[in-house]
$ cat run-v2.tsv   # TSV, C-alpha atoms
chain	number	residue	atom	x	y	z
G	1	MET	CA	48.83	-22.71	72.47
G	2	LEU	CA	46.34	-19.89	71.91
G	3	LEU	CA	48.90	-17.97	69.85
G	4	THR	CA	49.51	-21.10	67.78
G	5	LEU	CA	45.79	-21.38	67.14
G	6	ALA	CA	45.68	-17.72	66.15
G	7	PHE	CA	48.48	-18.22	63.62
G	8	THR	CA	46.75	-21.35	62.33
G	9	GLY	CA	43.58	-19.34	61.82
G	10	SER	CA	45.59	-16.58	60.10
G	11	LEU	CA	47.24	-19.00	57.68
G	12	PHE	CA	43.89	-20.70	56.97
G	13	MET	CA	42.33	-17.31	56.34
G	14	ALA	CA	45.18	-16.38	53.99
G	15	TRP	CA	44.66	-19.67	52.16
G	16	THR	CA	40.96	-18.99	51.72
G	17	ILE	CA	41.71	-15.45	50.47
G	18	GLY	CA	44.03	-16.87	47.82
G	19	ALA	CA	41.47	-19.44	46.79
G	20	ASP	CA	38.42	-17.20	47.06
G	21	SER	CA	39.40	-13.57	46.42
G	22	ALA	CA	42.64	-13.40	44.40
G	23	SER	CA	41.65	-16.09	41.94
G	24	PRO	CA	38.52	-14.43	40.44
G	25	SER	CA	40.77	-11.77	38.92
G	26	PHE	CA	41.61	-14.37	36.30
G	27	GLY	CA	38.04	-15.66	35.94
G	28	PRO	CA	37.32	-13.31	33.02
G	29	VAL	CA	40.70	-14.25	31.47
G	30	VAL	CA	39.70	-17.92	31.50
G	31	SER	CA	36.18	-17.04	30.34
G	32	SER	CA	37.64	-15.38	27.25
G	33	LYS	CA	39.71	-18.51	26.52
G	34	SER	CA	42.95	-16.54	26.83
G	35	MET	CA	44.41	-18.91	29.43
G	36	GLY	CA	43.75	-22.23	31.15
G	37	VAL	CA	42.52	-22.53	34.74
G	38	LEU	CA	45.70	-24.00	36.28
G	39	ARG	CA	48.04	-21.44	34.74
G	40	ALA	CA	45.65	-18.65	35.74
G	41	SER	CA	45.67	-19.93	39.34
G	42	LEU	CA	49.47	-19.78	39.51
G	43	LEU	CA	49.76	-16.29	38.00
G	44	ALA	CA	46.98	-14.97	40.23
G	45	GLY	CA	48.76	-16.32	43.30
G	46	ILE	CA	52.13	-14.80	42.42
G	47	SER	CA	50.60	-11.40	41.67
G	48	ALA	CA	48.52	-11.44	44.85
G	49	PHE	CA	51.60	-12.38	46.90
G	50	LEU	CA	53.45	-9.33	45.56
G	51	GLY	CA	50.50	-7.06	46.30
G	52	ALA	CA	50.26	-8.43	49.84
G	53	ILE	CA	53.90	-7.82	50.80
G	54	LEU	CA	54.30	-4.52	48.95
G	55	GLN	CA	51.03	-2.74	49.66
G	56	GLY	CA	49.05	-4.67	52.27
G	57	GLY	CA	49.86	-2.52	55.30
G	58	GLY	CA	46.94	-0.10	55.07
G	59	VAL	CA	44.13	-2.63	55.51
G	60	THR	CA	46.17	-4.51	58.12
G	61	GLU	CA	46.42	-1.35	60.23
G	62	THR	CA	42.67	-0.73	59.93
G	63	LEU	CA	41.76	-4.24	61.06
G	64	SER	CA	44.29	-4.19	63.88
G	65	ARG	CA	42.60	-1.10	65.33
G	66	GLY	CA	39.28	-2.85	65.01
G	67	PHE	CA	35.71	-1.78	64.41
G	68	VAL	CA	34.79	-2.01	68.07
G	69	LYS	CA	35.90	0.49	70.72
G	70	GLY	CA	36.85	-0.39	74.27
G	71	VAL	CA	38.25	-3.88	73.66
G	72	THR	CA	41.58	-5.37	72.59
G	73	PHE	CA	41.62	-8.80	71.03
G	74	ASP	CA	43.94	-11.32	72.65
G	75	PRO	CA	45.28	-14.48	70.91
G	76	LYS	CA	42.16	-16.41	71.96
G	77	SER	CA	39.78	-13.93	70.36
G	78	ALA	CA	41.97	-13.60	67.25
G	79	ALA	CA	41.96	-17.38	66.89
G	80	ILE	CA	38.17	-17.59	67.20
G	81	ILE	CA	37.61	-14.77	64.69
G	82	LEU	CA	40.01	-16.14	62.10
G	83	LEU	CA	39.03	-19.80	62.41
G	84	ILE	CA	35.29	-19.12	62.19
G	85	SER	CA	35.71	-16.73	59.24
G	86	SER	CA	38.03	-18.96	57.25
G	87	SER	CA	35.84	-22.01	57.87
G	88	LEU	CA	32.77	-20.26	56.45
G	89	ILE	CA	34.73	-19.08	53.42
G	90	ALA	CA	36.11	-22.58	52.89
G	91	ILE	CA	32.54	-23.87	52.76
G	92	GLY	CA	31.82	-21.33	50.02
G	93	ILE	CA	34.84	-22.53	48.05
G	94	TRP	CA	33.64	-26.12	48.42
G	95	LYS	CA	30.19	-25.10	47.14
G	96	HIS	CA	31.71	-23.10	44.23
G	97	TYR	CA	30.47	-19.76	45.59
G	98	PRO	CA	33.00	-16.89	45.71
G	99	MET	CA	32.37	-15.75	49.28
G	100	PRO	CA	33.09	-12.21	50.52
G	101	THR	CA	36.11	-12.52	52.80
G	102	ALA	CA	35.73	-8.93	54.03
G	103	TYR	CA	32.05	-9.31	54.92
G	104	THR	CA	32.69	-12.58	56.74
G	105	LEU	CA	35.71	-11.35	58.67
G	106	VAL	CA	34.22	-8.01	59.67
G	107	GLY	CA	31.07	-9.82	60.82
G	108	ALA	CA	33.25	-12.04	63.00
G	109	VAL	CA	35.21	-9.05	64.34
G	110	LEU	CA	31.99	-7.24	65.26
G	111	GLY	CA	30.59	-10.33	66.94
G	112	GLY	CA	33.78	-10.85	68.92
G	113	GLY	CA	34.04	-7.22	69.97
G	114	LEU	CA	30.44	-6.96	71.11
G	115	GLY	CA	30.69	-10.34	72.84
G	116	LEU	CA	33.58	-8.93	74.88
G	117	GLY	CA	31.49	-5.91	75.86
G	118	GLY	CA	32.85	-3.38	73.37
G	119	GLU	CA	31.09	-0.53	71.59
G	120	LEU	CA	30.66	-0.22	67.83
G	121	ASN	CA	32.85	2.35	66.08
G	122	VAL	CA	29.90	3.76	64.16
G	123	ARG	CA	31.86	6.35	62.21
G	124	GLN	CA	34.37	3.86	60.82
G	125	LEU	CA	31.72	1.24	60.12
G	126	THR	CA	29.53	3.74	58.27
G	127	PHE	CA	32.47	4.68	56.05
G	128	VAL	CA	33.33	1.05	55.30
G	129	PHE	CA	29.73	-0.06	54.73
G	130	SER	CA	29.16	2.86	52.36
G	131	TYR	CA	32.17	1.84	50.30
G	132	TRP	CA	30.94	-1.74	50.26
G	133	LEU	CA	27.51	-0.60	49.04
G	134	ILE	CA	28.79	1.38	46.09
G	135	LEU	CA	31.60	-1.05	45.25
G	136	PRO	CA	29.75	-3.48	42.91
G	137	ILE	CA	27.64	-0.65	41.47
G	138	VAL	CA	30.63	1.50	40.52
G	139	ALA	CA	32.52	-1.55	39.25
G	140	GLY	CA	29.53	-2.43	37.09
G	141	VAL	CA	29.21	1.09	35.70
G	142	ILE	CA	32.93	1.27	34.87
G	143	GLY	CA	32.74	-2.17	33.27
G	144	TYR	CA	29.75	-1.16	31.17
G	145	PHE	CA	31.24	2.03	29.75
G	146	THR	CA	34.71	0.56	29.28
G	147	SER	CA	33.17	-2.29	27.31
G	148	LYS	CA	31.24	0.17	25.15
G	149	LEU	CA	34.41	2.18	24.49
G	150	LEU	CA	36.52	-0.85	23.61
G	151	ARG	CA	33.79	-2.20	21.38
G	152	ALA	CA	33.73	0.99	19.36
G	153	LYS	CA	37.52	1.01	19.02
G	154	VAL	CA	37.75	-2.63	17.98
G	155	GLU	CA	34.94	-2.37	15.44
G	156	LYS	CA	36.62	0.62	13.80
G	157	ASN	CA	39.91	-1.24	13.41
G	158	SER	CA	39.87	-5.03	13.35
G	159	LYS	CA	43.66	-5.12	13.90
G	160	ASN	CA	43.03	-4.03	17.48
G	161	LYS	CA	41.64	-7.48	18.25
G	162	LYS	CA	45.18	-8.91	18.23
G	163	ILE	CA	46.25	-6.82	21.20
G	164	LEU	CA	43.24	-7.64	23.37
G	165	LYS	CA	44.72	-10.88	24.73
G	166	PRO	CA	48.01	-9.44	26.11
G	167	ILE	CA	46.10	-6.44	27.49
G	168	LEU	CA	43.64	-8.76	29.22
G	169	ILE	CA	46.39	-10.84	30.81
G	170	GLY	CA	48.18	-7.67	31.97
G	171	VAL	CA	44.99	-6.29	33.52
G	172	GLY	CA	44.37	-9.66	35.19
G	173	LEU	CA	47.85	-9.61	36.74
G	174	TYR	CA	47.33	-6.10	38.08
G	175	THR	CA	43.89	-6.97	39.41
G	176	ALA	CA	45.29	-9.98	41.28
G	177	TYR	CA	48.02	-7.69	42.67
G	178	THR	CA	45.42	-5.29	44.04
G	179	ALA	CA	43.47	-8.24	45.45
G	180	GLY	CA	46.48	-9.26	47.51
G	181	ALA	CA	47.07	-5.70	48.66
G	182	ALA	CA	43.45	-5.16	49.66
G	183	SER	CA	42.89	-8.60	51.23
G	184	VAL	CA	45.99	-9.72	53.13
G	185	GLY	CA	45.08	-7.52	56.10
G	186	GLN	CA	42.00	-9.66	56.61
G	187	ALA	CA	44.29	-12.60	57.41
G	188	VAL	CA	46.95	-10.90	59.52
G	189	GLY	CA	45.26	-7.74	60.84
G	190	PRO	CA	43.80	-9.39	63.97
G	191	LEU	CA	47.33	-10.60	64.89
G	192	LEU	CA	49.12	-7.26	64.64
G	193	LYS	CA	48.42	-6.20	68.23
G	194	THR	CA	48.61	-9.70	69.73
G	195	THR	CA	52.16	-10.67	68.72
G	196	PRO	CA	55.61	-9.01	68.67
G	197	ILE	CA	56.08	-10.02	65.03
G	198	THR	CA	56.59	-7.01	62.76
G	199	MET	CA	54.16	-5.81	60.12
G	200	GLY	CA	56.52	-6.82	57.30
G	201	ALA	CA	56.86	-10.37	58.62
G	202	LEU	CA	53.10	-10.74	59.03
G	203	LEU	CA	52.51	-9.50	55.48
G	204	GLY	CA	55.04	-12.04	54.24
G	205	ILE	CA	53.30	-14.86	56.10
G	206	GLY	CA	49.93	-13.75	54.76
G	207	GLY	CA	51.32	-13.41	51.24
G	208	VAL	CA	52.67	-16.97	51.27
G	209	GLY	CA	49.31	-18.27	52.51
G	210	ILE	CA	47.51	-16.40	49.72
G	211	LEU	CA	49.92	-17.81	47.12
G	212	ILE	CA	49.37	-21.37	48.32
G	213	GLY	CA	45.61	-20.87	48.46
G	214	SER	CA	45.50	-19.52	44.94
G	215	VAL	CA	47.53	-22.39	43.50
G	216	THR	CA	45.76	-25.18	45.37
G	217	GLY	CA	42.23	-23.94	45.94
G	218	SER	CA	41.31	-21.39	43.29
G	219	PRO	CA	40.44	-23.47	40.18
G	220	LYS	CA	36.85	-24.03	41.36
G	221	ILE	CA	36.24	-20.31	41.95
G	222	ILE	CA	37.95	-19.30	38.70
G	223	HIS	CA	35.69	-21.75	36.89
G	224	ALA	CA	32.62	-20.37	38.70
G	225	VAL	CA	33.41	-16.76	37.78
G	226	ALA	CA	34.42	-17.71	34.23
G	227	ARG	CA	31.47	-19.96	33.41
G	228	ASP	CA	28.61	-19.68	35.89
G	229	TYR	CA	28.06	-15.91	36.19
G	230	ALA	CA	28.65	-14.56	32.71
G	231	ASP	CA	30.16	-15.89	29.49
G	232	ILE	CA	32.23	-12.98	28.14
G	233	GLY	CA	34.98	-12.44	25.58
G	234	PRO	CA	38.33	-10.58	25.85
G	235	ARG	CA	36.91	-7.08	25.40
G	236	ARG	CA	34.27	-7.47	28.07
G	237	SER	CA	36.73	-9.29	30.31
G	238	ILE	CA	39.11	-6.31	30.22
G	239	SER	CA	36.17	-4.05	31.03
G	240	ALA	CA	35.18	-6.21	34.00
G	241	LEU	CA	38.67	-6.08	35.50
G	242	VAL	CA	39.47	-2.39	35.00
G	243	GLY	CA	36.92	-1.06	37.49
G	244	THR	CA	37.70	-3.82	39.96
G	245	SER	CA	41.42	-3.10	40.02
G	246	ILE	CA	40.86	0.66	40.39
G	247	LEU	CA	38.47	0.24	43.31
G	248	ALA	CA	40.69	-2.35	45.01
G	249	GLN	CA	43.71	-0.07	44.64
G	250	VAL	CA	41.82	2.82	46.22
G	251	ALA	CA	40.67	0.56	49.06
G	252	SER	CA	44.21	-0.60	49.82
G	253	ILE	CA	45.46	3.01	49.87
G	254	ILE	CA	42.79	4.27	52.27
G	255	GLY	CA	42.89	1.07	54.32
G	256	ILE	CA	39.41	-0.37	53.77
G	257	PRO	CA	38.86	-4.13	53.78
G	258	ILE	CA	36.70	-4.86	50.75
G	259	SER	CA	34.88	-7.78	49.21
G	260	PHE	CA	36.94	-8.29	46.10
G	261	ASN	CA	34.39	-10.74	44.74
G	262	ALA	CA	31.62	-8.14	45.00
G	263	ALA	CA	33.66	-5.76	42.86
G	264	ILE	CA	34.69	-8.28	40.24
G	265	LEU	CA	31.23	-9.78	39.91
G	266	GLY	CA	29.82	-6.27	39.54
G	267	GLY	CA	32.35	-5.63	36.77
G	268	VAL	CA	31.54	-8.92	35.05
G	269	ILE	CA	27.81	-8.19	35.11
G	270	GLY	CA	28.23	-4.55	34.05
G	271	SER	CA	30.38	-5.50	31.08
G	272	GLY	CA	27.82	-8.14	30.18
G	273	PHE	CA	25.11	-5.48	29.85
G	274	ALA	CA	27.18	-3.61	27.28
G	275	THR	CA	26.02	-5.99	24.56
G	276	SER	CA	22.69	-7.39	23.50
G	277	GLU	CA	23.97	-10.87	24.41
G	278	GLN	CA	24.19	-10.42	28.14
G	279	ASN	CA	24.80	-14.08	29.11
G	280	VAL	CA	24.45	-13.23	32.80
G	281	SER	CA	23.13	-15.85	35.22
G	282	PHE	CA	20.83	-13.79	37.45
G	283	ASN	CA	19.79	-16.82	39.51
G	284	LYS	CA	23.43	-17.49	40.37
G	285	VAL	CA	23.99	-13.83	41.21
G	286	ILE	CA	20.94	-13.67	43.50
G	287	ARG	CA	21.90	-16.88	45.31
G	288	THR	CA	25.42	-15.56	45.78
G	289	GLY	CA	24.14	-12.27	47.23
G	290	VAL	CA	21.96	-14.12	49.71
G	291	SER	CA	24.88	-16.33	50.73
G	292	TRP	CA	26.99	-13.22	51.39
G	293	VAL	CA	24.41	-11.78	53.79
G	294	VAL	CA	24.10	-15.15	55.53
G	295	SER	CA	27.89	-15.38	55.79
G	296	PHE	CA	28.13	-11.98	57.52
G	297	LEU	CA	25.32	-12.76	59.97
G	298	LEU	CA	26.52	-16.28	60.66
G	299	ALA	CA	30.08	-15.14	61.37
G	300	PHE	CA	28.78	-12.41	63.65
G	301	GLY	CA	26.43	-14.71	65.53
G	302	LEU	CA	28.83	-17.61	65.99
G	303	VAL	CA	31.73	-15.51	67.28
G	304	TYR	CA	29.43	-13.44	69.51
G	305	LEU	CA	27.97	-16.55	71.15
G	306	ILE	CA	31.38	-18.19	71.55
G	307	GLU	CA	32.80	-15.08	73.26
G	308	LEU	CA	29.83	-14.95	75.62
G	309	ALA	CA	30.19	-18.62	76.47
G	310	ILE	CA	33.95	-18.65	77.10

$ encode --input "run-v2.tsv" --output "structure tokens"
Amino acid sequence: MLLTLAFTGSLFMAWTIGADSASPSFGPVVSSKSMGVLRASLLAGISAFLGAILQGGGVTETLSRGFVKGVTFDPKSAAIILLISSSLIAIGIWKHYPMPTAYTLVGAVLGGGLGLGGELNVRQLTFVFSYWLILPIVAGVIGYFTSKLLRAKVEKNSKNKKILKPILIGVGLYTAYTAGAASVGQAVGPLLKTTPITMGALLGIGGVGILIGSVTGSPKIIHAVARDYADIGPRRSISALVGTSILAQVASIIGIPISFNAAILGGVIGSGFATSEQNVSFNKVIRTGVSWVVSFLLAFGLVYLIELAI
């Protein structure tokens, strides 16, 4: 029964990743009016599924080893971690806030590990937190300069505008692919050491959950990223996605669970600053940042208290 609950939590987490993390890769595509929300949701899901099964092993291995030394999560702990994390993220989807799956899950993992009497793996956590800190900043910087470069190229030759749409869609597909690769481990990583199922099978299960989540739950988040944070055209949309996809690809290679939404929102905002018409909703950005901190702390606190009580 506990293993069934753990798998239920894993599938729910995969669903929320598809709805919350893979989908924003097409937010800028929709914002630029290059594609409708429903079609974007489907393409994001398919691309994220491929990224999950082909390149999701690195982050899965990292999360299976854990961020806490001296403890091993059993099916009960895995179920608690995954169900609490996915529930908090689902609330964010309901409220139209793209929540950070990585922040929420790692908060839950830390709470569970410490609740079981473990010791923080300070070296690994410092490395991961540092990457998280620079992630939106670097994505924003890359988005800013890429937007400036594309603007200069397009203004010199108006014919270049015709190729912006297919380039944007291609970059969106690749960004969704990297989202799946960098995020699937957050759904199946806690199960890797608690079940005899192979890594490949777990990645497949997580990939299917992400695909379903993207198709059924992502339109609200795509709309939020496309309309609520910044209103940007094709050139700035490409710029927003380039840095995000690069950073997500690096994260999946080195095995770091990242907040994909932090990267993509940083890219959206950075590209928005590349023009005098910024169209960036700072109130929405600030509220989202606060909700991310609350999500991490709430996941940590709830799982910690549950582990102490059980």

$ closest_residue --input "run-v2.tsv" --among "G:Ala182, G:Ala248, G:Ala6, G:Leu191" --to "Ala79 in chain G" --atoms "all atoms listed in the file"
G:Ala6

$ residues_around --input "run-v2.tsv" --residues "Ile212 in chain G" --least-positions-apart "4" --cutoff "12 Å" --atoms "only C-alpha atoms" --output "list in words"
Leu11, Phe12, Met13, Ala14, Trp15, Thr16, Ile17, Gly18, Ala19, Asp20, Ala22, Ser23, Ser41, Leu42, Leu43, Ala44, Gly45, Ile46, Ala48, Phe49, Ile205, Gly206, Gly207, Val208, Thr216, Gly217 and Ser218 of chain G

$ closest_residue --input "run-v2.tsv" --among "G:Val293, G:Ile238, G:Leu5, G:Ile53" --to "Ile142 in chain G" --atoms "only C-alpha atoms"
G:Ile238

$ closest_atom_pairs --input "run-v2.tsv" --of "range 100-139 of chain G" --to "range 89-93 of chain G" --cutoff "9 Å" --atoms "only C-alpha atoms" --output "Markdown table"
| residue | atom | partner | partner_atom | distance |
| --- | --- | --- | --- | --- |
| G:Pro100 | CA | G:Ile89 | CA | 7.6 |
| G:Thr101 | CA | G:Ile89 | CA | 6.7 |
| G:Thr104 | CA | G:Ile89 | CA | 7.6 |

$ atom_distance --input "run-v2.tsv" --atom1 "CA of Met35 in chain G" --atom2 "CA of Ser47 in chain G"
15.6 Å

$ atom_distance --input "run-v2.tsv" --atom1 "CA of Gly185 in chain G" --atom2 "CA of Gly70 in chain G"
21.2 Å
